[in-house]
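What follows is the content of coords.cif, which has mmCIF, C-alpha atoms and all ligand atoms:
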```
data_query
loop_
_atom_site.label_atom_id
_atom_site.label_comp_id
_atom_site.auth_asym_id
_atom_site.auth_seq_id
_atom_site.Cartn_x
_atom_site.Cartn_y
_atom_site.Cartn_z
CA MET A 1 113.46 55.98 -18.62
CA LYS A 2 110.70 54.12 -20.44
CA LYS A 3 107.28 55.58 -19.60
CA ILE A 4 105.04 53.27 -17.62
CA SER A 5 101.82 52.54 -19.40
CA ASN A 6 98.63 52.16 -17.43
CA ARG A 7 97.88 48.45 -17.57
CA PHE A 8 94.88 48.72 -15.28
CA ASP A 9 92.56 45.94 -16.37
CA PRO A 10 90.05 45.30 -13.65
CA GLN A 11 88.33 42.62 -15.73
CA PHE A 12 91.24 40.21 -16.00
CA ASP A 13 90.36 36.86 -14.56
CA ASP A 14 93.11 34.31 -14.19
CA ALA A 15 91.53 32.22 -11.47
CA ASP A 16 92.56 28.96 -13.12
CA ALA A 17 96.18 29.92 -13.77
CA ASP A 18 99.16 28.60 -11.80
CA HIS A 19 99.76 31.14 -9.03
CA GLY A 20 102.91 29.78 -7.40
CA ALA A 21 102.91 30.71 -3.71
CA GLY A 22 99.76 32.81 -4.25
CA VAL A 23 98.70 36.26 -5.45
CA VAL A 24 99.69 39.29 -3.42
CA LEU A 25 98.51 42.87 -3.96
CA LEU A 26 100.78 45.71 -2.89
CA ALA A 27 99.12 49.12 -2.67
CA GLY A 28 101.96 51.65 -2.72
CA GLY A 29 104.26 49.01 -4.16
CA ALA A 30 106.43 51.45 -6.15
CA GLY A 31 107.71 53.22 -3.04
CA PHE A 32 110.80 52.49 -0.96
CA ILE A 33 109.43 49.65 1.19
CA GLY A 34 106.93 48.41 -1.42
CA SER A 35 109.46 47.91 -4.20
CA ASN A 36 111.86 46.06 -1.87
CA LEU A 37 108.96 43.91 -0.67
CA SER A 38 107.90 43.20 -4.27
CA ARG A 39 111.37 41.88 -5.09
CA ARG A 40 111.37 39.70 -1.98
CA LEU A 41 107.90 38.25 -2.67
CA LEU A 42 108.63 37.57 -6.35
CA ASP A 43 111.79 35.71 -5.30
CA ALA A 44 109.67 33.65 -2.90
CA GLY A 45 107.35 32.58 -5.74
CA TRP A 46 104.42 34.99 -5.27
CA GLN A 47 102.59 36.68 -8.12
CA VAL A 48 102.72 40.39 -7.35
CA ILE A 49 100.13 43.00 -8.32
CA CYS A 50 101.16 46.59 -7.61
CA ILE A 51 98.71 49.50 -7.43
CA ASP A 52 100.39 52.89 -7.10
CA ASN A 53 99.64 56.48 -8.14
CA LEU A 54 103.41 57.24 -8.27
CA GLU A 55 102.93 60.24 -5.97
CA THR A 56 106.17 59.42 -4.14
CA GLY A 57 106.88 56.04 -5.75
CA ARG A 58 109.42 55.98 -8.55
CA GLN A 59 109.63 54.31 -11.94
CA GLU A 60 113.28 53.59 -11.12
CA ASN A 61 112.16 51.41 -8.20
CA ILE A 62 110.06 49.10 -10.34
CA ALA A 63 111.94 49.20 -13.67
CA GLU A 64 113.60 45.83 -12.96
CA LEU A 65 110.28 44.31 -11.82
CA LEU A 66 108.14 45.32 -14.83
CA PRO A 67 109.47 42.68 -17.29
CA ASN A 68 108.76 39.86 -14.80
CA GLU A 69 105.77 37.81 -16.00
CA ASN A 70 104.65 37.38 -12.39
CA TYR A 71 104.49 41.15 -11.83
CA ARG A 72 101.65 43.48 -12.88
CA PHE A 73 101.61 47.23 -12.34
CA PHE A 74 98.42 49.33 -12.23
CA LEU A 75 98.71 53.12 -12.14
CA HIS A 76 95.82 54.03 -9.87
CA ASP A 77 94.99 56.16 -6.84
CA ILE A 78 93.51 53.95 -4.12
CA ILE A 79 91.20 56.76 -3.02
CA GLN A 80 89.30 56.12 -6.26
CA PRO A 81 87.14 52.98 -6.24
CA PHE A 82 88.53 49.95 -8.05
CA SER A 83 87.88 46.27 -8.47
CA LEU A 84 90.12 43.45 -9.59
CA GLY A 85 89.28 40.26 -11.41
CA GLY A 86 91.08 37.06 -10.48
CA ARG A 87 92.43 35.72 -7.27
CA VAL A 88 94.02 37.77 -4.46
CA ASP A 89 95.34 36.01 -1.34
CA ARG A 90 97.23 38.76 0.47
CA ILE A 91 97.06 42.56 0.48
CA TYR A 92 99.78 44.82 1.92
CA ASN A 93 98.68 48.45 2.28
CA LEU A 94 101.84 50.54 1.90
CA ALA A 95 100.15 53.42 0.08
CA CYS A 96 100.82 56.77 1.75
CA PRO A 97 103.70 59.21 1.46
CA ALA A 98 105.92 58.67 4.51
CA SER A 99 108.34 61.62 4.49
CA PRO A 100 107.08 64.73 6.38
CA PRO A 101 107.70 67.24 3.56
CA LYS A 102 105.97 64.88 1.09
CA TYR A 103 102.92 64.02 3.20
CA GLN A 104 102.46 67.68 4.13
CA LYS A 105 102.38 68.79 0.48
CA ASN A 106 98.76 67.70 0.02
CA PRO A 107 97.52 66.96 3.54
CA VAL A 108 93.88 66.30 2.62
CA HIS A 109 94.96 63.74 0.05
CA THR A 110 97.34 62.14 2.56
CA PHE A 111 94.57 61.80 5.12
CA LEU A 112 92.08 60.41 2.60
CA THR A 113 94.66 57.93 1.30
CA SER A 114 94.84 56.39 4.77
CA VAL A 115 91.08 56.47 5.37
CA ILE A 116 89.21 56.08 2.05
CA GLY A 117 92.09 54.18 0.44
CA SER A 118 92.18 51.74 3.37
CA LEU A 119 88.43 51.26 3.19
CA ASN A 120 88.65 50.43 -0.53
CA LEU A 121 91.36 47.84 0.19
CA LEU A 122 89.42 46.36 3.09
CA GLU A 123 86.35 45.95 0.89
CA LEU A 124 88.50 44.27 -1.76
CA ALA A 125 89.95 41.98 0.94
CA GLU A 126 86.46 41.04 2.04
CA SER A 127 85.32 40.29 -1.50
CA LYS A 128 88.41 38.13 -2.18
CA SER A 129 88.63 36.54 1.30
CA ALA A 130 92.20 37.87 1.35
CA ARG A 131 94.33 38.59 4.43
CA VAL A 132 95.20 42.30 4.61
CA LEU A 133 98.10 44.01 6.39
CA GLN A 134 98.13 47.72 7.20
CA CYS A 135 101.49 49.48 7.29
CA SER A 136 100.87 51.73 10.25
CA THR A 137 103.55 53.76 11.94
CA SER A 138 105.28 54.76 15.15
CA GLU A 139 103.72 58.18 14.41
CA VAL A 140 100.51 56.90 16.03
CA TYR A 141 102.45 57.56 19.27
CA GLY A 142 103.00 61.21 18.20
CA ASP A 143 105.52 62.99 20.47
CA PRO A 144 105.65 60.23 23.10
CA ASP A 145 106.14 60.99 26.78
CA ILE A 146 107.25 57.44 27.55
CA SER A 147 110.19 55.48 26.16
CA PRO A 148 110.40 52.91 24.76
CA GLN A 149 106.89 52.89 23.24
CA ASN A 150 104.90 49.67 23.58
CA GLU A 151 101.67 48.90 21.76
CA SER A 152 99.39 49.74 24.68
CA TYR A 153 100.71 53.34 24.87
CA ARG A 154 97.97 55.56 23.41
CA GLY A 155 100.15 58.37 22.14
CA LEU A 156 100.39 62.14 22.29
CA VAL A 157 99.15 63.37 18.93
CA SER A 158 97.83 66.72 17.70
CA THR A 159 94.62 66.56 15.67
CA VAL A 160 95.45 69.78 13.79
CA GLY A 161 99.25 70.15 13.71
CA PRO A 162 101.29 69.83 10.50
CA ARG A 163 101.86 66.09 11.08
CA ALA A 164 98.20 65.35 11.88
CA CYS A 165 97.21 64.43 8.29
CA TYR A 166 99.65 61.53 8.51
CA ASP A 167 99.43 60.58 12.20
CA GLU A 168 95.65 60.86 12.50
CA GLY A 169 95.09 59.24 9.10
CA LYS A 170 97.12 56.24 10.25
CA ARG A 171 95.29 56.14 13.58
CA ALA A 172 91.93 56.25 11.78
CA ALA A 173 93.11 53.48 9.44
CA GLU A 174 93.94 51.26 12.43
CA THR A 175 90.40 51.85 13.72
CA LEU A 176 88.93 51.00 10.30
CA PHE A 177 90.93 47.79 10.09
CA HIS A 178 89.89 46.82 13.60
CA GLU A 179 86.19 47.57 13.03
CA MET A 180 86.06 45.88 9.62
CA HIS A 181 87.58 42.80 11.20
CA GLY A 182 84.89 42.91 13.88
CA ALA A 183 82.07 43.50 11.40
CA THR A 184 83.06 41.08 8.62
CA GLY A 185 85.60 38.69 10.14
CA ILE A 186 88.25 39.53 7.53
CA ASP A 187 91.75 38.56 8.54
CA ILE A 188 93.80 41.65 9.36
CA ARG A 189 97.32 42.51 10.53
CA ILE A 190 98.61 45.90 11.70
CA ALA A 191 102.36 46.68 11.69
CA ARG A 192 103.50 49.83 13.51
CA ILE A 193 106.69 50.53 11.58
CA PHE A 194 109.50 52.66 13.06
CA ASN A 195 111.97 54.68 10.93
CA THR A 196 113.30 52.39 8.21
CA TYR A 197 116.09 53.07 5.69
CA GLY A 198 117.99 51.35 2.88
CA PRO A 199 118.39 51.04 -0.87
CA ARG A 200 115.54 52.31 -3.14
CA MET A 201 114.90 55.36 -0.94
CA ASP A 202 114.31 58.45 -3.06
CA PRO A 203 117.39 60.73 -2.87
CA GLU A 204 114.91 63.66 -2.83
CA ASP A 205 112.75 62.03 -0.17
CA GLY A 206 113.56 64.53 2.59
CA ARG A 207 113.94 62.09 5.49
CA VAL A 208 117.02 62.31 7.67
CA VAL A 209 118.98 59.24 6.53
CA SER A 210 118.66 60.02 2.82
CA ASN A 211 119.27 63.75 3.38
CA PHE A 212 122.46 63.21 5.39
CA ILE A 213 123.94 60.62 3.02
CA VAL A 214 123.17 62.62 -0.12
CA GLN A 215 124.50 65.83 1.45
CA ALA A 216 127.69 64.09 2.59
CA LEU A 217 128.28 62.50 -0.83
CA LYS A 218 127.80 65.87 -2.52
CA GLY A 219 130.27 67.55 -0.13
CA GLU A 220 127.54 69.65 1.47
CA GLU A 221 126.76 70.49 5.10
CA LEU A 222 124.44 68.06 6.90
CA THR A 223 121.20 69.84 7.84
CA ILE A 224 120.39 69.22 11.52
CA TYR A 225 116.94 70.42 12.55
CA GLY A 226 116.88 71.93 16.05
CA THR A 227 119.57 70.92 18.56
CA GLY A 228 119.89 67.42 17.10
CA GLU A 229 119.32 65.91 20.54
CA GLN A 230 115.98 64.36 19.45
CA THR A 231 116.24 60.59 18.96
CA ARG A 232 115.12 58.02 16.41
CA SER A 233 115.59 54.24 16.05
CA PHE A 234 116.62 53.21 12.56
CA CYS A 235 115.70 49.80 11.11
CA TYR A 236 117.41 48.38 8.02
CA ILE A 237 115.01 47.44 5.21
CA ASP A 238 115.91 43.70 5.15
CA ASP A 239 115.05 43.37 8.84
CA LEU A 240 111.75 45.18 8.32
CA LEU A 241 110.80 42.93 5.37
CA ASN A 242 111.43 39.85 7.52
CA GLY A 243 109.13 41.32 10.17
CA LEU A 244 106.36 42.30 7.72
CA ILE A 245 106.31 38.91 6.02
CA SER A 246 106.41 37.05 9.35
CA LEU A 247 103.49 39.13 10.58
CA MET A 248 101.50 38.54 7.39
CA GLU A 249 102.11 34.80 7.39
CA SER A 250 101.74 34.15 11.13
CA GLU A 251 98.68 32.10 12.03
CA THR A 252 98.99 32.79 15.75
CA CYS A 253 99.85 36.49 16.17
CA GLY A 254 96.27 37.75 16.52
CA VAL A 255 94.99 40.98 14.97
CA ASP A 256 96.27 43.61 17.40
CA PRO A 257 98.96 46.10 16.31
CA ILE A 258 102.60 45.00 16.54
CA ASN A 259 105.66 47.28 16.66
CA LEU A 260 108.36 46.58 14.07
CA GLY A 261 111.56 48.53 14.54
CA ASN A 262 115.18 48.47 15.67
CA GLN A 263 115.73 49.14 19.36
CA GLY A 264 119.02 50.99 18.87
CA GLU A 265 118.28 54.65 19.69
CA PHE A 266 120.42 57.47 18.27
CA THR A 267 120.33 61.24 18.55
CA ILE A 268 120.28 63.03 15.21
CA ASN A 269 123.70 64.45 16.18
CA GLU A 270 125.02 60.89 16.57
CA LEU A 271 123.62 59.95 13.15
CA ALA A 272 125.30 63.02 11.61
CA GLY A 273 128.59 62.00 13.28
CA LEU A 274 128.35 58.44 11.97
CA VAL A 275 127.51 59.51 8.40
CA SER A 276 130.35 62.07 8.45
CA GLU A 277 132.78 59.40 9.64
CA MET A 278 131.68 56.95 6.91
CA ILE A 279 131.61 59.59 4.13
CA PRO A 280 134.70 61.78 4.50
CA THR A 281 133.49 64.32 1.88
CA ALA A 282 130.85 65.56 4.39
CA LYS A 283 131.40 69.24 5.11
CA GLY A 284 130.30 69.61 8.74
CA VAL A 285 126.79 70.49 9.87
CA VAL A 286 124.40 73.42 9.72
CA HIS A 287 121.45 73.86 12.09
CA HIS A 288 117.93 74.68 10.81
CA ASP A 289 114.76 75.35 12.80
CA LEU A 290 113.08 72.32 14.33
CA PRO A 291 109.78 71.64 12.52
CA GLN A 292 106.63 72.07 14.64
CA ASP A 293 105.54 68.94 16.61
CA ASP A 294 108.77 67.07 15.76
CA PRO A 295 108.80 64.07 18.16
CA ARG A 296 111.54 64.35 20.81
CA GLN A 297 112.19 60.64 21.15
CA ARG A 298 111.29 57.38 19.51
CA ARG A 299 112.29 53.83 20.38
CA PRO A 300 110.22 50.68 19.91
CA ASP A 301 109.43 48.12 22.57
CA ILE A 302 109.42 44.95 20.42
CA THR A 303 108.57 42.45 23.15
CA ARG A 304 105.35 41.46 21.33
CA ALA A 305 107.09 40.95 17.97
CA LYS A 306 109.77 38.83 19.63
CA MET A 307 107.21 36.76 21.50
CA LEU A 308 104.56 36.33 18.77
CA LEU A 309 106.73 36.29 15.63
CA GLY A 310 110.15 35.29 16.95
CA TRP A 311 111.36 38.41 15.12
CA GLU A 312 114.00 40.94 15.97
CA PRO A 313 116.29 43.09 13.81
CA LYS A 314 119.78 41.79 13.09
CA VAL A 315 121.46 44.70 11.25
CA PRO A 316 123.17 47.40 13.33
CA LEU A 317 122.94 50.97 11.99
CA ARG A 318 126.60 51.14 10.89
CA ASP A 319 126.27 47.89 8.90
CA GLY A 320 122.99 48.95 7.25
CA LEU A 321 124.47 52.28 6.22
CA VAL A 322 127.17 50.57 4.09
CA PRO A 323 124.86 49.24 1.30
CA THR A 324 122.65 52.31 1.68
CA ILE A 325 125.58 54.64 0.99
CA GLU A 326 126.63 52.51 -2.00
CA TYR A 327 123.09 52.75 -3.37
CA PHE A 328 122.99 56.55 -3.06
CA LYS A 329 126.44 56.82 -4.68
CA SER A 330 125.09 54.95 -7.66
CA GLU A 331 121.88 57.05 -7.78
CA ILE A 332 123.87 60.29 -7.73
CA ALA A 333 126.26 59.04 -10.40
CA GLN A 334 123.35 58.05 -12.65
CA ALA A 335 121.66 61.42 -12.11
CA GLN A 336 124.90 63.09 -13.15
CA GLY A 337 125.09 60.85 -16.21
CA GLN A 338 128.17 59.01 -14.95
CA ARG A 339 128.88 55.40 -14.28
CA PRO A 340 128.95 54.60 -10.53
P1 LIG B 1 107.11 55.89 0.05
O1 LIG B 1 106.64 57.29 0.01
O2 LIG B 1 108.42 55.56 -0.60
O3 LIG B 1 106.02 54.89 -0.57
C1 LIG B 1 104.64 55.13 -0.52
C2 LIG B 1 104.04 54.66 -1.83
O4 LIG B 1 102.61 54.86 -1.80
C3 LIG B 1 104.54 55.45 -3.04
O5 LIG B 1 104.88 54.57 -4.07
C4 LIG B 1 103.36 56.34 -3.43
O6 LIG B 1 103.38 56.71 -4.78
C5 LIG B 1 102.19 55.45 -3.04
N1 LIG B 1 100.94 56.18 -2.78
C6 LIG B 1 100.74 57.25 -1.96
N2 LIG B 1 99.46 57.63 -1.98
C7 LIG B 1 98.81 56.77 -2.80
C8 LIG B 1 97.46 56.66 -3.26
N3 LIG B 1 96.51 57.48 -2.83
N4 LIG B 1 97.16 55.67 -4.14
C9 LIG B 1 98.11 54.82 -4.60
N5 LIG B 1 99.41 54.88 -4.22
C10 LIG B 1 99.74 55.85 -3.32
O7 LIG B 1 107.15 55.47 1.59
P2 LIG B 1 107.74 54.17 2.28
O8 LIG B 1 108.84 54.60 3.17
O9 LIG B 1 107.98 53.11 1.28
O10 LIG B 1 106.52 53.77 3.22
C11 LIG B 1 105.58 52.76 2.84
C12 LIG B 1 104.51 52.64 3.91
O11 LIG B 1 105.12 52.32 5.16
C13 LIG B 1 103.73 53.94 4.12
O12 LIG B 1 102.38 53.62 4.32
C14 LIG B 1 104.32 54.51 5.37
O13 LIG B 1 103.38 55.27 6.10
C15 LIG B 1 104.73 53.27 6.15
N6 LIG B 1 105.84 53.56 7.06
C16 LIG B 1 107.09 53.78 6.57
C17 LIG B 1 108.11 54.10 7.45
C18 LIG B 1 109.52 54.32 6.98
O14 LIG B 1 110.38 54.67 7.80
N7 LIG B 1 109.84 54.14 5.72
C19 LIG B 1 107.86 54.20 8.82
C20 LIG B 1 106.56 54.00 9.25
C21 LIG B 1 105.56 53.65 8.37
N1 LIG B 2 115.89 65.81 10.44
C1 LIG B 2 117.06 66.54 10.42
N2 LIG B 2 117.60 66.88 9.22
C2 LIG B 2 117.03 66.52 8.04
C3 LIG B 2 115.83 65.76 8.04
C4 LIG B 2 115.29 65.42 9.26
O1 LIG B 2 117.62 66.87 11.49
O2 LIG B 2 117.58 66.88 6.98
C5 LIG B 2 115.34 65.39 11.74
C6 LIG B 2 113.85 65.61 11.91
O3 LIG B 2 113.59 66.91 12.41
C7 LIG B 2 113.50 64.52 12.92
C8 LIG B 2 114.46 63.38 12.58
O4 LIG B 2 115.54 63.98 11.85
O5 LIG B 2 113.77 64.95 14.23
C9 LIG B 2 113.83 62.28 11.72
O6 LIG B 2 113.20 62.91 10.63
P1 LIG B 2 112.56 62.09 9.41
O7 LIG B 2 111.93 63.09 8.51
O8 LIG B 2 113.57 61.17 8.84
O9 LIG B 2 111.45 61.16 10.08
P2 LIG B 2 110.35 61.39 11.20
O10 LIG B 2 110.43 62.78 11.76
O11 LIG B 2 109.07 61.16 10.51
O12 LIG B 2 110.69 60.39 12.22
#
```
Rewrite the coordinates I just gave you, this time as structure tokens.
Amino acid sequence: MKKISNRFDPQFDDADADHGAGVVLLAGGAGFIGSNLSRRLLDAGWQVICIDNLETGRQENIAELLPNENYRFFLHDIIQPFSLGGRVDRIYNLACPASPPKYQKNPVHTFLTSVIGSLNLLELAESKSARVLQCSTSEVYGDPDISPQNESYRGLVSTVGPRACYDEGKRAAETLFHEMHGATGIDIRIARIFNTYGPRMDPEDGRVVSNFIVQALKGEELTIYGTGEQTRSFCYIDDLLNGLISLMESETCGVDPINLGNQGEFTINELAGLVSEMIPTAKGVVHHDLPQDDPRQRRPDITRAKMLLGWEPKVPLRDGLVPTIEYFKSEIAQAQGQRP
């Protein structure tokens, strides 16, 4: 793989150039969601600027984007101050590791990414008069005692548990977005994203969909944490991208948080059963301890998204798993030096 060079050039100023649909900045654009969103926005005529420290983002995700003349990549940690010359119309903040084992590796950095990193992006948005969207999470609801979760539910979150660096960082970021909007009038959006899966996930990511598919393809046992009776709602990436872009471009949705997720709710045992049925090389299951503070249930109430954005997911879990499994097959074959 060709090494990415750091093309960070904060002085560039292309204000007079032709910008197509406009200029969009993606912080965390080399990750799973960010790289899929980059492709989608480039196809729609946007100029895309990506800022990423490659902590969990992958060169593989952006290799096909780098040669595009409308794409610029800056290797940079958003906790560190930065400025950009030229025009910026939209900012999506996707920067933050999203998989529990990854965000728990350096919890202070995870927390500061959501807080200091968000502040840096908000200040940039203010200076550019850009609209800025925060990728928040269903984790702001913690281990919810109601189901489904709507946006007015305040959550059940530990301030000091192993997930707190992520959950509380995202909660603090929502507060920062809200208060900066109040103080400066900048145009904000907040998406509370529920578990999303699809191509460009890191096979080593550690989340349940990627773990199960990779284990099944390698003929290994699927690792179920706890009893497997905890639930999640899984949204296919294409549906999520439609929701994120609709939210960003809506002129009437207001600035309050909006849930984006698929309402289909599955136990982890059901997911293991489905993956095993679709990948016959799976070798049964093995149970591991349930991680501390693992949420027991999660299912979005998307009434607001339906009403304000006219958005709802279209791809059922079984259908979304088909291209996802094909993608992981190809990733594994490449890692083993074979053709898919
Ligand atoms: P990911 O880990 O694949 O992508 C995160 C990206 O942010 C990576 O490219 C990483 O290198 C980058 N990053 C992390 N810290 C950074 C920093 N300090 N400076 C610059 N770049 C940094 O995760 P994802 O699944 O693509 O998630 C993207 C966003 O969506 C995250 O903010 C996550 O919290 C949110 N989200 C995702 C899900 C999901 O199911 N995928 C659910 C809820 C919320
Ligand atoms: N999980 C599991 N096996 C795995 C990885 C995760 O049983 O190999 C469980 C995990 O304990 C949780 C659910 O699957 O209950 C979803 O985990 P994930 O890390 O994908 O996302 P999150 O917990 O952040 O929703």
Per residue of chain A within 6 Å of ligand LIG 1 (chain B), what are the shortest atom pair and its distance in Å to one decimal, counting all atoms listed in the file, with rows by chain and residue number, as a tab-separated table?
```
residue	atom	partner	partner_atom	distance
A:Ala27	CA	B:LIG1	N5	6.0
A:Gly28	CA	B:LIG1	O4	3.4
A:Gly29	CA	B:LIG1	O5	5.6
A:Ala30	CA	B:LIG1	O5	4.1
A:Gly31	CA	B:LIG1	O5	3.3
A:Phe32	CA	B:LIG1	O9	3.7
A:Ile33	CA	B:LIG1	O9	3.8
A:Gly34	CA	B:LIG1	O9	5.5
A:Asp52	CA	B:LIG1	N5	3.6
A:Asn53	CA	B:LIG1	C9	4.2
A:Leu54	CA	B:LIG1	O6	3.5
A:Glu55	CA	B:LIG1	O6	3.8
A:Thr56	CA	B:LIG1	O6	3.9
A:Gly57	CA	B:LIG1	O5	3.0
A:His76	CA	B:LIG1	C9	5.8
A:Asp77	CA	B:LIG1	N4	3.5
A:Ile78	CA	B:LIG1	N4	4.0
A:Ile79	CA	B:LIG1	N3	5.4
A:Leu94	CA	B:LIG1	C12	3.9
A:Ala95	CA	B:LIG1	O4	3.4
A:Cys96	CA	B:LIG1	C6	3.7
A:Pro97	CA	B:LIG1	O1	3.8
A:Ala98	CA	B:LIG1	O7	4.5
A:Thr113	CA	B:LIG1	N3	4.5
A:Cys135	CA	B:LIG1	O11	5.1
A:Ser136	CA	B:LIG1	C21	5.4
A:Thr137	CA	B:LIG1	C20	4.0
A:Ile193	CA	B:LIG1	C20	4.2
A:Phe194	CA	B:LIG1	C19	4.8
A:Asn195	CA	B:LIG1	O14	3.5
A:Thr196	CA	B:LIG1	O14	3.7
```
For ligand LIG 2 (chain B), which residue among A:Lys283, A:Arg163, A:Lys314, A:Arg304 is the nearest when counting only C-alpha atoms and all ligand atoms? A:Arg163
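Taking CA of Ala272 in chain A and CA of Asp293 in chain A as endpoints, the distance between them is 21.2 Å.
Taking CA of Glu174 in chain A and CA of Pro144 in chain A as endpoints, the distance between them is 18.2 Å.
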What does the distance between CA of Asp187 in chain A and CA of Gly169 in chain A come to in Å, to one decimal place? 21.0 Å
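Each of A:Ala282, A:Leu309, A:Val214, A:Ile91 was checked against ligand LIG 2 (chain B) using only C-alpha atoms and all ligand atoms; the smallest atom-to-atom distance is that of A:Val214.
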I need every residue sitting at most 9 Å from the point (123.1, 46.7, 7.9) (coordinates as in the file, all atoms listed in the file considered), written as a ChimeraX atom specification. /A:198,235-239,314-324
So which one's closest to ligand LIG 2 (chain B), A:Gln334, A:Thr303, A:Ser210, A:Ser158? Using only C-alpha atoms and all ligand atoms, please. A:Ser210
Please, which residues are within 10 Å of (99.5, 44.7, -1.2) by the file's coordinates, counting all atoms listed in the file, and could they come as a ChimeraX atom specification? /A:23-29,34,37-38,48-51,88-95,121,131-135
Contacts of ligand LIG 2 (chain B), 9 Å or closer, all atoms listed in the file, given as an MDAnalysis selection string: chainID A and resid 98:101 138:139 163 194:196 205:212 215 222:233 267:269 272 287:292 294:298
Deliver the residues from the most recent selection as a file, using C-alpha atoms, as a CSV table (one decimal), in the coordinates of the input.
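Saved to selection-v4.csv:
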```
chain,number,residue,atom,x,y,z
A,98,ALA,CA,105.9,58.7,4.5
A,99,SER,CA,108.3,61.6,4.5
A,100,PRO,CA,107.1,64.7,6.4
A,101,PRO,CA,107.7,67.2,3.6
A,138,SER,CA,105.3,54.8,15.2
A,139,GLU,CA,103.7,58.2,14.4
A,163,ARG,CA,101.9,66.1,11.1
A,194,PHE,CA,109.5,52.7,13.1
A,195,ASN,CA,112.0,54.7,10.9
A,196,THR,CA,113.3,52.4,8.2
A,205,ASP,CA,112.8,62.0,-0.2
A,206,GLY,CA,113.6,64.5,2.6
A,207,ARG,CA,113.9,62.1,5.5
A,208,VAL,CA,117.0,62.3,7.7
A,209,VAL,CA,119.0,59.2,6.5
A,210,SER,CA,118.7,60.0,2.8
A,211,ASN,CA,119.3,63.8,3.4
A,212,PHE,CA,122.5,63.2,5.4
A,215,GLN,CA,124.5,65.8,1.4
A,222,LEU,CA,124.4,68.1,6.9
A,223,THR,CA,121.2,69.8,7.8
A,224,ILE,CA,120.4,69.2,11.5
A,225,TYR,CA,116.9,70.4,12.6
A,226,GLY,CA,116.9,71.9,16.0
A,227,THR,CA,119.6,70.9,18.6
A,228,GLY,CA,119.9,67.4,17.1
A,229,GLU,CA,119.3,65.9,20.5
A,230,GLN,CA,116.0,64.4,19.4
A,231,THR,CA,116.2,60.6,19.0
A,232,ARG,CA,115.1,58.0,16.4
A,233,SER,CA,115.6,54.2,16.0
A,267,THR,CA,120.3,61.2,18.6
A,268,ILE,CA,120.3,63.0,15.2
A,269,ASN,CA,123.7,64.4,16.2
A,272,ALA,CA,125.3,63.0,11.6
A,287,HIS,CA,121.4,73.9,12.1
A,288,HIS,CA,117.9,74.7,10.8
A,289,ASP,CA,114.8,75.4,12.8
A,290,LEU,CA,113.1,72.3,14.3
A,291,PRO,CA,109.8,71.6,12.5
A,292,GLN,CA,106.6,72.1,14.6
A,294,ASP,CA,108.8,67.1,15.8
A,295,PRO,CA,108.8,64.1,18.2
A,296,ARG,CA,111.5,64.4,20.8
A,297,GLN,CA,112.2,60.6,21.2
A,298,ARG,CA,111.3,57.4,19.5
```
Excluding same-chain residues fewer than 3 positions from Gly20 in chain A, what lies within 12 Å of it counting all atoms listed in the file, as a VMD selection string? chain A and resid 16 to 17 23 to 24 41 to 48 70 89
Rank nothing, just name the residue among A:Gln80, A:Glu126, A:Gly86, A:Ser35 nearest to Leu65 in chain A, using all atoms listed in the file. A:Ser35
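Considering the residues A:Ala333, A:Ala173, A:Glu60, A:Pro107 and counting only C-alpha atoms, Val160 in chain A has its shortest atom-to-atom contact with A:Pro107.
When only C-alpha atoms are used to measure the gap to Pro162 in chain A, the shortest distance among A:Gly310, A:Gly142, A:Pro81, A:Gly284 belongs to A:Gly142.
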Excluding His178 in chain A and any residue of its chain fewer than 3 positions from it, enumerate the residues within 10 Å of it, using all atoms listed in the file, and give them as a ChimeraX atom specification. /A:172-175,181-183,185-190,255-257
How would the residues just chosen look if you wrote them out with C-alpha atoms as a PDB file, keeping the file's coordinate frame?
```
ATOM      1  CA  ALA A 172      91.930  56.250  11.780  1.00  0.00           C
ATOM      2  CA  ALA A 173      93.110  53.480   9.440  1.00  0.00           C
ATOM      3  CA  GLU A 174      93.940  51.260  12.430  1.00  0.00           C
ATOM      4  CA  THR A 175      90.400  51.850  13.720  1.00  0.00           C
ATOM      5  CA  HIS A 181      87.580  42.800  11.200  1.00  0.00           C
ATOM      6  CA  GLY A 182      84.890  42.910  13.880  1.00  0.00           C
ATOM      7  CA  ALA A 183      82.070  43.500  11.400  1.00  0.00           C
ATOM      8  CA  GLY A 185      85.600  38.690  10.140  1.00  0.00           C
ATOM      9  CA  ILE A 186      88.250  39.530   7.530  1.00  0.00           C
ATOM     10  CA  ASP A 187      91.750  38.560   8.540  1.00  0.00           C
ATOM     11  CA  ILE A 188      93.800  41.650   9.360  1.00  0.00           C
ATOM     12  CA  ARG A 189      97.320  42.510  10.530  1.00  0.00           C
ATOM     13  CA  ILE A 190      98.610  45.900  11.700  1.00  0.00           C
ATOM     14  CA  VAL A 255      94.990  40.980  14.970  1.00  0.00           C
ATOM     15  CA  ASP A 256      96.270  43.610  17.400  1.00  0.00           C
ATOM     16  CA  PRO A 257      98.960  46.100  16.310  1.00  0.00           C
TER      17      PRO A 257
END
```
